Amino acid sequence: MSKPTVVVVTGVSSGIGRVAAEKFAKRGCRVFGTVRSITKTAPFPGVELVEMDVRDEASVQLGIQSIIDQAGRIDVLVNNAGMNMIGAVEETATSEAASLFDTNVFGILRTTRAVLPHMRTQHHGRIVNVSSVLGFLPAPYMGLYSASKHAVEGLSETLDHEVRQFGIRVTLVEPAYTRTNLEANSPQAKAKIADYDRERDLVSRSVADSVNGAPEPDGVANTIVEAALGAWRMRRTPAGQASLLSKLRRFMPAGPVDASLRKAVGLA
């Protein structure tokens, strides 16, 4: 009898991570979901919770080792944990940018480095990094978030070249707006500059409207599961807005894409 696929999903307390973990469990996988605090996370069927903070090296090493001790291996790592931020580049303090990158980029680096030795030993594995359409399409007043997702894209493509010799592949999932707490509760840069108020407020309202009208996490979660268990592709964009934006970025001239982007966020 074949052993179930062992899947680790980071950031499963809510939103995309939680729904993806549930879908992996329904596919018969053994699923470990990481959260910063088990006591503050409601349990859900089929998912074994592991306390792990992707911002802390020791926490990541302990969390991954505890999974190895229990399951003996890790077949799939889904780097889902992340945070957002709205604010002009000039308004964003270095400390705020560092906090964003610590979760969105270095969090992926920490978990990947912890898992790779085990995947190299077993000579197979799949790493799914959850990026964003802003990883290929920058948006005004989300410059540092866009920068972090651009970094995730570059890191992922490079890593895939390096680890495929060991039977490991890396893939990206690039969702657009999704109705989650991460999107709805995006923090703003603290040191606001009045000259940016009008446009920043327009963009903030546009983001809020987009999130309110966005689909639930199911579509993105399905894409994550297929990226993990299906045939390898470097990039997967969920059906709908994300797929459309990907095509526009690839095939339309830069000028019309720029104008369309500004219009979409209220900066006509």
# chains A, B, ... in the order shown; residues from 1 in each chain; ligands from 1
$ closest_atom_pairs --of "segment 40-84 of chain A" --to "segment 169-189 of chain A" --cutoff "10 Å" --atoms "only C-alpha atoms" --output "Markdown table"
| residue | atom | partner | partner_atom | distance |
| --- | --- | --- | --- | --- |
| A:Val76 | CA | A:Arg169 | CA | 9.8 |
| A:Leu77 | CA | A:Val170 | CA | 9.5 |
| A:Val78 | CA | A:Thr171 | CA | 9.7 |
| A:Asn79 | CA | A:Leu172 | CA | 9.7 |
| A:Asn80 | CA | A:Val173 | CA | 9.7 |
| A:Ala81 | CA | A:Leu182 | CA | 9.9 |
| A:Gly82 | CA | A:Leu182 | CA | 8.1 |
| A:Met83 | CA | A:Leu182 | CA | 6.5 |
| A:Asn84 | CA | A:Ser186 | CA | 5.4 |
$ residues_around --residues "segment 13-19 of chain A" --least-positions-apart "3" --cutoff "6 Å" --atoms "only C-alpha atoms" --output "JSON, numbers by chain"
{"A": [22, 35, 41, 180, 217, 221]}
$ select_by_dssp --residues "segment 95-206 of chain A" --states "strand (DSSP E)" --output "CSV table (one decimal) with N, CA and C atoms, in the first residue's frame"
chain,number,residue,atom,x,y,z
A,125,GLY,N,10.7,16.0,-4.6
A,125,GLY,CA,10.0,17.0,-3.8
A,125,GLY,C,9.4,18.1,-4.7
A,126,ARG,N,8.5,18.8,-4.2
A,126,ARG,CA,7.9,19.9,-4.9
A,126,ARG,C,7.7,21.1,-3.9
A,127,ILE,N,8.2,22.2,-4.3
A,127,ILE,CA,8.1,23.4,-3.5
A,127,ILE,C,7.2,24.4,-4.2
A,128,VAL,N,6.1,24.8,-3.6
A,128,VAL,CA,5.2,25.8,-4.2
A,128,VAL,C,5.3,27.1,-3.4
A,129,ASN,N,5.7,28.1,-4.1
A,129,ASN,CA,5.8,29.5,-3.5
A,129,ASN,C,4.6,30.3,-3.9
A,130,VAL,N,3.8,30.8,-3.0
A,130,VAL,CA,2.7,31.6,-3.3
A,130,VAL,C,3.2,33.1,-3.5
A,168,ILE,N,13.8,17.6,-7.5
A,168,ILE,CA,13.0,18.6,-6.8
A,168,ILE,C,12.6,19.7,-7.8
A,169,ARG,N,11.4,20.1,-7.8
A,169,ARG,CA,10.9,21.2,-8.7
A,169,ARG,C,10.3,22.3,-7.8
A,170,VAL,N,10.4,23.5,-8.3
A,170,VAL,CA,9.9,24.7,-7.6
A,170,VAL,C,8.9,25.3,-8.6
A,171,THR,N,7.7,25.8,-8.1
A,171,THR,CA,6.7,26.4,-8.9
A,171,THR,C,6.1,27.6,-8.2
A,172,LEU,N,5.5,28.5,-8.9
A,172,LEU,CA,4.9,29.7,-8.4
A,172,LEU,C,3.4,29.7,-8.6
A,173,VAL,N,2.7,30.2,-7.7
A,173,VAL,CA,1.2,30.4,-7.8
A,173,VAL,C,1.0,31.9,-7.7
$ select_by_dssp --residues "segment 82-233 of chain A" --states "alpha helix (DSSP H)" --output "ChimeraX atom specification"
/A:94-104,106-122,143-163,181-184,197-212,218-229
$ atom_distance --atom1 "atom CA of Glu51 of chain A" --atom2 "atom CA of Gly28 of chain A"
22.6 Å
$ residues_around --residues "Phe32 of chain A" --least-positions-apart "3" --cutoff "12 Å" --atoms "only C-alpha atoms" --output "CSV table (one decimal) with all heavy atoms, in the first residue's frame"
chain,number,residue,atom,x,y,z
A,5,THR,N,1.1,11.2,0.4
A,5,THR,CA,2.0,12.3,0.2
A,5,THR,C,2.0,13.2,1.4
A,5,THR,O,0.9,13.6,1.9
A,5,THR,CB,1.5,13.2,-1.1
A,5,THR,OG1,1.5,12.3,-2.2
A,5,THR,CG2,2.4,14.3,-1.3
A,6,VAL,N,3.2,13.6,1.9
A,6,VAL,CA,3.3,14.4,3.1
A,6,VAL,C,3.4,15.9,2.6
A,6,VAL,O,4.4,16.2,1.9
A,6,VAL,CB,4.5,14.0,3.9
A,6,VAL,CG1,4.6,15.0,5.2
A,6,VAL,CG2,4.3,12.6,4.4
A,7,VAL,N,2.5,16.7,3.0
A,7,VAL,CA,2.4,18.1,2.6
A,7,VAL,C,2.6,19.0,3.8
A,7,VAL,O,1.9,18.8,4.8
A,7,VAL,CB,1.1,18.4,1.9
A,7,VAL,CG1,1.1,19.9,1.4
A,7,VAL,CG2,0.9,17.5,0.7
A,8,VAL,N,3.4,20.1,3.7
A,8,VAL,CA,3.5,21.1,4.7
A,8,VAL,C,3.0,22.4,4.1
A,8,VAL,O,3.5,22.8,3.0
A,8,VAL,CB,5.0,21.3,5.2
A,8,VAL,CG1,5.1,22.4,6.2
A,8,VAL,CG2,5.5,20.0,5.8
A,9,VAL,N,2.1,23.1,4.7
A,9,VAL,CA,1.6,24.3,4.3
A,9,VAL,C,1.8,25.4,5.4
A,9,VAL,O,1.4,25.2,6.5
A,9,VAL,CB,0.1,24.3,4.0
A,9,VAL,CG1,-0.4,25.6,3.4
A,9,VAL,CG2,-0.3,23.2,3.0
A,10,THR,N,2.5,26.4,5.1
A,10,THR,CA,2.7,27.5,6.1
A,10,THR,C,1.6,28.5,6.1
A,10,THR,O,1.0,28.8,5.1
A,10,THR,CB,4.1,28.2,5.8
A,10,THR,OG1,4.0,29.0,4.6
A,10,THR,CG2,5.2,27.3,5.7
A,11,GLY,N,1.3,29.0,7.3
A,11,GLY,CA,0.3,30.0,7.5
A,11,GLY,C,-1.1,29.5,7.2
A,11,GLY,O,-1.8,30.0,6.3
A,12,VAL,N,-1.6,28.5,8.0
A,12,VAL,CA,-2.9,27.9,7.8
A,12,VAL,C,-4.0,28.4,8.8
A,12,VAL,O,-5.0,27.8,8.9
A,12,VAL,CB,-2.8,26.4,7.8
A,12,VAL,CG1,-1.8,25.9,6.8
A,12,VAL,CG2,-2.5,25.8,9.2
A,13,SER,N,-3.7,29.5,9.5
A,13,SER,CA,-4.7,29.9,10.5
A,13,SER,C,-6.0,30.4,9.9
A,13,SER,O,-7.0,30.4,10.5
A,13,SER,CB,-4.1,31.0,11.4
A,13,SER,OG,-3.7,32.1,10.7
A,17,GLY,N,-4.2,29.6,3.0
A,17,GLY,CA,-3.5,28.5,3.6
A,17,GLY,C,-4.4,27.5,4.2
A,17,GLY,O,-4.2,26.3,4.0
A,18,ARG,N,-5.4,27.9,4.9
A,18,ARG,CA,-6.3,27.0,5.6
A,18,ARG,C,-7.2,26.2,4.5
A,18,ARG,O,-7.3,25.0,4.7
A,18,ARG,CB,-7.3,27.8,6.5
A,18,ARG,CG,-8.1,26.9,7.4
A,18,ARG,CD,-9.0,27.8,8.4
A,18,ARG,NE,-9.7,26.9,9.3
A,18,ARG,CZ,-9.3,26.6,10.5
A,18,ARG,NH1,-8.1,27.0,10.9
A,18,ARG,NH2,-10.0,25.9,11.3
A,20,ALA,N,-6.4,25.6,1.4
A,20,ALA,CA,-5.5,24.7,0.7
A,20,ALA,C,-5.2,23.5,1.5
A,20,ALA,O,-5.2,22.4,1.0
A,20,ALA,CB,-4.2,25.5,0.3
A,21,ALA,N,-4.9,23.7,2.8
A,21,ALA,CA,-4.6,22.5,3.7
A,21,ALA,C,-5.8,21.6,3.7
A,21,ALA,O,-5.6,20.3,3.6
A,21,ALA,CB,-4.3,23.0,5.1
A,22,GLU,N,-7.0,22.1,3.8
A,22,GLU,CA,-8.2,21.2,3.8
A,22,GLU,C,-8.3,20.4,2.5
A,22,GLU,O,-8.7,19.3,2.5
A,22,GLU,CB,-9.4,22.1,4.0
A,22,GLU,CG,-9.5,22.7,5.4
A,22,GLU,CD,-10.7,23.7,5.5
A,22,GLU,OE1,-11.1,24.2,4.5
A,22,GLU,OE2,-11.2,23.9,6.6
A,24,PHE,N,-5.9,19.6,0.4
A,24,PHE,CA,-4.8,18.5,0.4
A,24,PHE,C,-5.3,17.3,1.2
A,24,PHE,O,-5.1,16.2,0.8
A,24,PHE,CB,-3.5,19.1,0.9
A,24,PHE,CG,-2.7,19.8,0.0
A,24,PHE,CD1,-2.4,21.2,0.2
A,24,PHE,CD2,-2.1,19.2,-1.2
A,24,PHE,CE1,-1.6,21.9,-0.7
A,24,PHE,CE2,-1.3,19.9,-2.1
A,24,PHE,CZ,-1.1,21.3,-1.8
A,25,ALA,N,-5.9,17.6,2.4
A,25,ALA,CA,-6.4,16.5,3.2
A,25,ALA,C,-7.4,15.7,2.5
A,25,ALA,O,-7.5,14.4,2.6
A,25,ALA,CB,-6.9,17.0,4.5
A,29,CYS,N,-3.8,13.3,1.3
A,29,CYS,CA,-2.5,13.6,1.8
A,29,CYS,C,-2.4,13.7,3.3
A,29,CYS,O,-3.4,13.9,3.9
A,29,CYS,CB,-2.0,15.0,1.2
A,29,CYS,SG,-2.0,15.1,-0.6
A,35,VAL,N,1.4,27.3,12.1
A,35,VAL,CA,0.7,28.5,12.6
A,35,VAL,C,1.7,29.1,13.7
A,35,VAL,O,2.5,28.4,14.3
A,35,VAL,CB,-0.6,28.2,13.3
A,35,VAL,CG1,-1.6,27.8,12.3
A,35,VAL,CG2,-0.5,27.2,14.4
A,43,PRO,N,-8.7,24.3,15.4
A,43,PRO,CA,-8.3,23.0,14.7
A,43,PRO,C,-9.3,22.7,13.6
A,43,PRO,O,-10.4,23.2,13.6
A,43,PRO,CB,-8.4,22.0,15.8
A,43,PRO,CG,-9.4,22.5,16.8
A,43,PRO,CD,-9.2,24.0,16.8
A,44,PHE,N,-8.8,22.0,12.6
A,44,PHE,CA,-9.7,21.6,11.5
A,44,PHE,C,-9.3,20.2,11.0
A,44,PHE,O,-8.2,19.8,11.1
A,44,PHE,CB,-9.8,22.6,10.4
A,44,PHE,CG,-8.5,23.1,9.8
A,44,PHE,CD1,-8.1,22.8,8.5
A,44,PHE,CD2,-7.7,23.9,10.6
A,44,PHE,CE1,-6.9,23.2,8.0
A,44,PHE,CE2,-6.5,24.4,10.1
A,44,PHE,CZ,-6.1,24.1,8.8
A,45,PRO,N,-10.3,19.4,10.5
A,45,PRO,CA,-10.1,18.0,10.3
A,45,PRO,C,-9.0,17.8,9.2
A,45,PRO,O,-8.9,18.5,8.2
A,45,PRO,CB,-11.5,17.6,9.7
A,45,PRO,CG,-12.5,18.6,10.2
A,45,PRO,CD,-11.7,19.9,10.2
A,46,GLY,N,-8.3,16.7,9.5
A,46,GLY,CA,-7.3,16.2,8.5
A,46,GLY,C,-6.0,17.0,8.5
A,46,GLY,O,-5.1,16.7,7.7
A,47,VAL,N,-5.8,18.0,9.3
A,47,VAL,CA,-4.6,18.8,9.3
A,47,VAL,C,-4.0,18.8,10.7
A,47,VAL,O,-4.6,19.1,11.7
A,47,VAL,CB,-4.9,20.3,8.9
A,47,VAL,CG1,-3.6,21.1,8.9
A,47,VAL,CG2,-5.6,20.3,7.5
A,48,GLU,N,-2.7,18.4,10.7
A,48,GLU,CA,-2.0,18.4,12.0
A,48,GLU,C,-1.2,19.8,12.1
A,48,GLU,O,-0.4,20.1,11.3
A,48,GLU,CB,-0.9,17.3,12.0
A,48,GLU,CG,-1.6,15.9,11.8
A,48,GLU,CD,-0.6,14.8,11.6
A,48,GLU,OE1,0.3,14.6,12.5
A,48,GLU,OE2,-0.7,14.1,10.6
A,49,LEU,N,-1.6,20.5,13.2
A,49,LEU,CA,-1.0,21.8,13.4
A,49,LEU,C,0.4,21.8,14.0
A,49,LEU,O,0.6,21.0,14.9
A,49,LEU,CB,-1.9,22.7,14.2
A,49,LEU,CG,-3.3,23.0,13.6
A,49,LEU,CD1,-4.1,23.9,14.6
A,49,LEU,CD2,-3.2,23.7,12.3
A,50,VAL,N,1.3,22.6,13.5
A,50,VAL,CA,2.6,22.7,14.0
A,50,VAL,C,2.9,24.2,14.3
A,50,VAL,O,2.7,25.1,13.5
A,50,VAL,CB,3.7,22.2,13.0
A,50,VAL,CG1,5.1,22.4,13.5
A,50,VAL,CG2,3.4,20.8,12.6
A,51,GLU,N,3.3,24.5,15.5
A,51,GLU,CA,3.7,25.8,15.9
A,51,GLU,C,5.0,26.2,15.3
A,51,GLU,O,6.0,25.6,15.6
A,51,GLU,CB,3.7,26.0,17.4
A,51,GLU,CG,3.6,27.4,17.9
A,51,GLU,CD,3.1,27.6,19.3
A,51,GLU,OE1,1.9,27.6,19.5
A,51,GLU,OE2,4.0,27.7,20.2
A,52,MET,N,5.0,27.2,14.4
A,52,MET,CA,6.2,27.6,13.8
A,52,MET,C,6.1,29.1,13.3
A,52,MET,O,5.1,29.4,12.7
A,52,MET,CB,6.5,26.7,12.6
A,52,MET,CG,7.8,26.9,11.9
A,52,MET,SD,8.1,25.7,10.6
A,52,MET,CE,7.5,26.7,9.2
A,63,GLY,N,10.3,23.3,13.9
A,63,GLY,CA,9.0,22.9,13.3
A,63,GLY,C,9.2,21.9,12.2
A,63,GLY,O,8.5,20.9,12.2
A,64,ILE,N,10.1,22.1,11.3
A,64,ILE,CA,10.4,21.2,10.2
A,64,ILE,C,10.9,19.8,10.8
A,64,ILE,O,10.5,18.8,10.4
A,64,ILE,CB,11.3,21.8,9.2
A,64,ILE,CG1,10.7,23.0,8.5
A,64,ILE,CG2,11.7,20.7,8.2
A,64,ILE,CD1,9.4,22.7,7.8
A,66,SER,N,10.3,18.5,13.7
A,66,SER,CA,9.2,17.8,14.3
A,66,SER,C,8.3,17.1,13.3
A,66,SER,O,7.8,16.0,13.6
A,66,SER,CB,8.3,18.8,15.2
A,66,SER,OG,7.5,19.6,14.3
A,67,ILE,N,8.1,17.7,12.1
A,67,ILE,CA,7.4,17.0,11.1
A,67,ILE,C,8.1,15.8,10.5
A,67,ILE,O,7.5,14.7,10.3
A,67,ILE,CB,7.1,18.0,9.9
A,67,ILE,CG1,6.2,19.2,10.4
A,67,ILE,CG2,6.5,17.3,8.7
A,67,ILE,CD1,6.0,20.3,9.5
A,68,ILE,N,9.4,16.0,10.3
A,68,ILE,CA,10.2,14.8,9.9
A,68,ILE,C,10.2,13.7,10.9
A,68,ILE,O,10.1,12.5,10.5
A,68,ILE,CB,11.7,15.3,9.6
A,68,ILE,CG1,11.8,16.3,8.5
A,68,ILE,CG2,12.6,14.1,9.4
A,68,ILE,CD1,11.4,15.6,7.1
A,70,GLN,N,7.8,13.0,12.9
A,70,GLN,CA,6.5,12.3,12.9
A,70,GLN,C,6.2,11.5,11.6
A,70,GLN,O,5.7,10.4,11.6
A,70,GLN,CB,5.4,13.4,13.1
A,70,GLN,CG,5.4,14.0,14.4
A,70,GLN,CD,4.3,15.1,14.5
A,70,GLN,OE1,3.1,14.8,14.5
A,70,GLN,NE2,4.8,16.4,14.5
A,71,ALA,N,6.6,12.2,10.4
A,71,ALA,CA,6.2,11.6,9.1
A,71,ALA,C,7.3,10.9,8.4
A,71,ALA,O,7.1,10.1,7.5
A,71,ALA,CB,5.6,12.7,8.3
A,73,ARG,N,9.3,12.1,6.3
A,73,ARG,CA,9.7,12.8,5.1
A,73,ARG,C,8.8,14.0,4.8
A,73,ARG,O,7.7,14.1,5.5
A,73,ARG,CB,9.7,11.9,3.9
A,73,ARG,CG,8.3,11.4,3.5
A,73,ARG,CD,8.3,10.4,2.4
A,73,ARG,NE,7.0,10.2,1.8
A,73,ARG,CZ,5.9,9.6,2.4
A,73,ARG,NH1,6.1,9.1,3.6
A,73,ARG,NH2,4.8,9.5,1.8
A,74,ILE,N,9.1,14.8,3.9
A,74,ILE,CA,8.3,15.9,3.4
A,74,ILE,C,8.3,15.8,1.8
A,74,ILE,O,9.4,16.0,1.2
A,74,ILE,CB,8.7,17.3,3.9
A,74,ILE,CG1,8.6,17.4,5.4
A,74,ILE,CG2,7.9,18.4,3.2
A,74,ILE,CD1,9.2,18.6,6.0
A,75,ASP,N,7.2,15.6,1.2
A,75,ASP,CA,7.1,15.6,-0.2
A,75,ASP,C,6.8,16.9,-0.9
A,75,ASP,O,7.3,17.2,-2.0
A,75,ASP,CB,6.0,14.6,-0.6
A,75,ASP,CG,6.3,13.2,-0.1
A,75,ASP,OD1,7.4,12.6,-0.3
A,75,ASP,OD2,5.4,12.6,0.6
A,76,VAL,N,6.0,17.7,-0.2
A,76,VAL,CA,5.6,19.0,-0.7
A,76,VAL,C,5.7,20.1,0.4
A,76,VAL,O,5.2,19.9,1.5
A,76,VAL,CB,4.1,19.0,-1.2
A,76,VAL,CG1,3.6,20.3,-1.7
A,76,VAL,CG2,4.0,18.0,-2.4
A,77,LEU,N,6.3,21.2,0.0
A,77,LEU,CA,6.3,22.4,0.9
A,77,LEU,C,5.5,23.5,0.1
A,77,LEU,O,5.9,23.9,-1.0
A,77,LEU,CB,7.7,22.8,1.2
A,77,LEU,CG,7.8,24.2,1.8
A,77,LEU,CD1,7.2,24.2,3.2
A,77,LEU,CD2,9.3,24.6,1.9
A,78,VAL,N,4.5,24.0,0.8
A,78,VAL,CA,3.8,25.2,0.3
A,78,VAL,C,4.1,26.4,1.1
A,78,VAL,O,3.7,26.5,2.3
A,78,VAL,CB,2.3,25.0,0.2
A,78,VAL,CG1,1.5,26.2,-0.3
A,78,VAL,CG2,1.9,23.7,-0.6
$ closest_residue --among "A:Val31, A:Asp201, A:Arg233, A:Pro215" --to "Gly266 of chain A" --atoms "only C-alpha atoms"
A:Asp201
$ closest_residue --among "A:Arg113, A:Lys23, A:Arg262, A:Arg235" --to "Glu153 of chain A" --atoms "only C-alpha atoms"
A:Arg235
$ residues_around --residues "segment 254-261 of chain A" --least-positions-apart "2" --cutoff "12 Å" --atoms "only C-alpha atoms" --output "ChimeraX atom specification"
/A:134,137-140,203,206,244-252,263-268
$ residues_around --residues "Gly143 of chain A" --least-positions-apart "6" --cutoff "9 Å" --atoms "only C-alpha atoms" --output "ChimeraX atom specification"
/A:85-89
$ atom_distance --atom1 "atom CA of Gln165 of chain A" --atom2 "atom CA of Arg120 of chain A"
9.2 Å
$ atom_distance --atom1 "atom CA of Phe166 of chain A" --atom2 "atom CA of Thr121 of chain A"
8.4 Å
$ closest_residue --among "A:Ser148, A:Gln241, A:Ser204, A:Arg27" --to "Phe106 of chain A" --atoms "only C-alpha atoms"
A:Ser148
$ decode --residues "segment 9-28 of chain A" --atoms "N, CA, C and O atoms" --output "compact mmCIF listing (two decimals), in the first residue's frame"
# COMPACT_ATOMS: atom_id res chain seq x y z
N VAL A 9 2.09 23.06 4.74
CA VAL A 9 1.57 24.35 4.29
C VAL A 9 1.82 25.37 5.39
O VAL A 9 1.39 25.16 6.54
N THR A 10 2.52 26.44 5.09
CA THR A 10 2.75 27.48 6.10
C THR A 10 1.59 28.47 6.11
O THR A 10 0.98 28.75 5.09
N GLY A 11 1.30 28.99 7.31
CA GLY A 11 0.27 30.01 7.45
C GLY A 11 -1.13 29.50 7.19
O GLY A 11 -1.82 29.96 6.27
N VAL A 12 -1.60 28.53 8.02
CA VAL A 12 -2.92 27.92 7.78
C VAL A 12 -3.98 28.39 8.77
O VAL A 12 -5.05 27.79 8.86
N SER A 13 -3.71 29.46 9.52
CA SER A 13 -4.68 29.89 10.52
C SER A 13 -5.97 30.40 9.89
O SER A 13 -7.03 30.36 10.50
N SER A 14 -5.88 30.88 8.63
CA SER A 14 -7.07 31.38 7.94
C SER A 14 -6.76 31.50 6.45
O SER A 14 -5.64 31.24 6.00
N GLY A 15 -7.77 31.91 5.69
CA GLY A 15 -7.57 32.29 4.30
C GLY A 15 -7.11 31.18 3.38
O GLY A 15 -7.50 30.01 3.50
N ILE A 16 -6.26 31.56 2.43
CA ILE A 16 -5.80 30.64 1.38
C ILE A 16 -5.12 29.42 1.98
O ILE A 16 -5.37 28.29 1.55
N GLY A 17 -4.25 29.62 2.95
CA GLY A 17 -3.52 28.51 3.55
C GLY A 17 -4.43 27.49 4.18
O GLY A 17 -4.23 26.27 4.02
N ARG A 18 -5.43 27.95 4.89
CA ARG A 18 -6.35 27.04 5.57
C ARG A 18 -7.15 26.22 4.55
O ARG A 18 -7.29 24.99 4.68
N VAL A 19 -7.68 26.90 3.53
CA VAL A 19 -8.48 26.20 2.52
C VAL A 19 -7.62 25.22 1.74
O VAL A 19 -8.04 24.09 1.45
N ALA A 20 -6.39 25.63 1.39
CA ALA A 20 -5.49 24.73 0.66
C ALA A 20 -5.17 23.49 1.49
O ALA A 20 -5.18 22.36 0.97
N ALA A 21 -4.90 23.67 2.78
CA ALA A 21 -4.61 22.53 3.65
C ALA A 21 -5.78 21.56 3.69
O ALA A 21 -5.60 20.33 3.63
N GLU A 22 -6.99 22.09 3.78
CA GLU A 22 -8.19 21.23 3.79
C GLU A 22 -8.31 20.45 2.49
O GLU A 22 -8.66 19.26 2.49
N LYS A 23 -8.01 21.10 1.36
CA LYS A 23 -8.12 20.42 0.07
C LYS A 23 -7.06 19.33 -0.10
O LYS A 23 -7.33 18.27 -0.68
N PHE A 24 -5.85 19.58 0.40
CA PHE A 24 -4.83 18.53 0.37
C PHE A 24 -5.29 17.33 1.18
O PHE A 24 -5.11 16.17 0.76
N ALA A 25 -5.88 17.58 2.35
CA ALA A 25 -6.35 16.49 3.21
C ALA A 25 -7.43 15.67 2.49
O ALA A 25 -7.45 14.44 2.56
N LYS A 26 -8.32 16.36 1.79
CA LYS A 26 -9.39 15.67 1.06
C LYS A 26 -8.84 14.84 -0.10
O LYS A 26 -9.50 13.89 -0.56
N ARG A 27 -7.65 15.18 -0.58
CA ARG A 27 -7.01 14.40 -1.64
C ARG A 27 -6.24 13.20 -1.09
O ARG A 27 -5.58 12.49 -1.83
N GLY A 28 -6.32 13.00 0.23
CA GLY A 28 -5.69 11.85 0.84
C GLY A 28 -4.27 12.08 1.31
O GLY A 28 -3.57 11.13 1.69
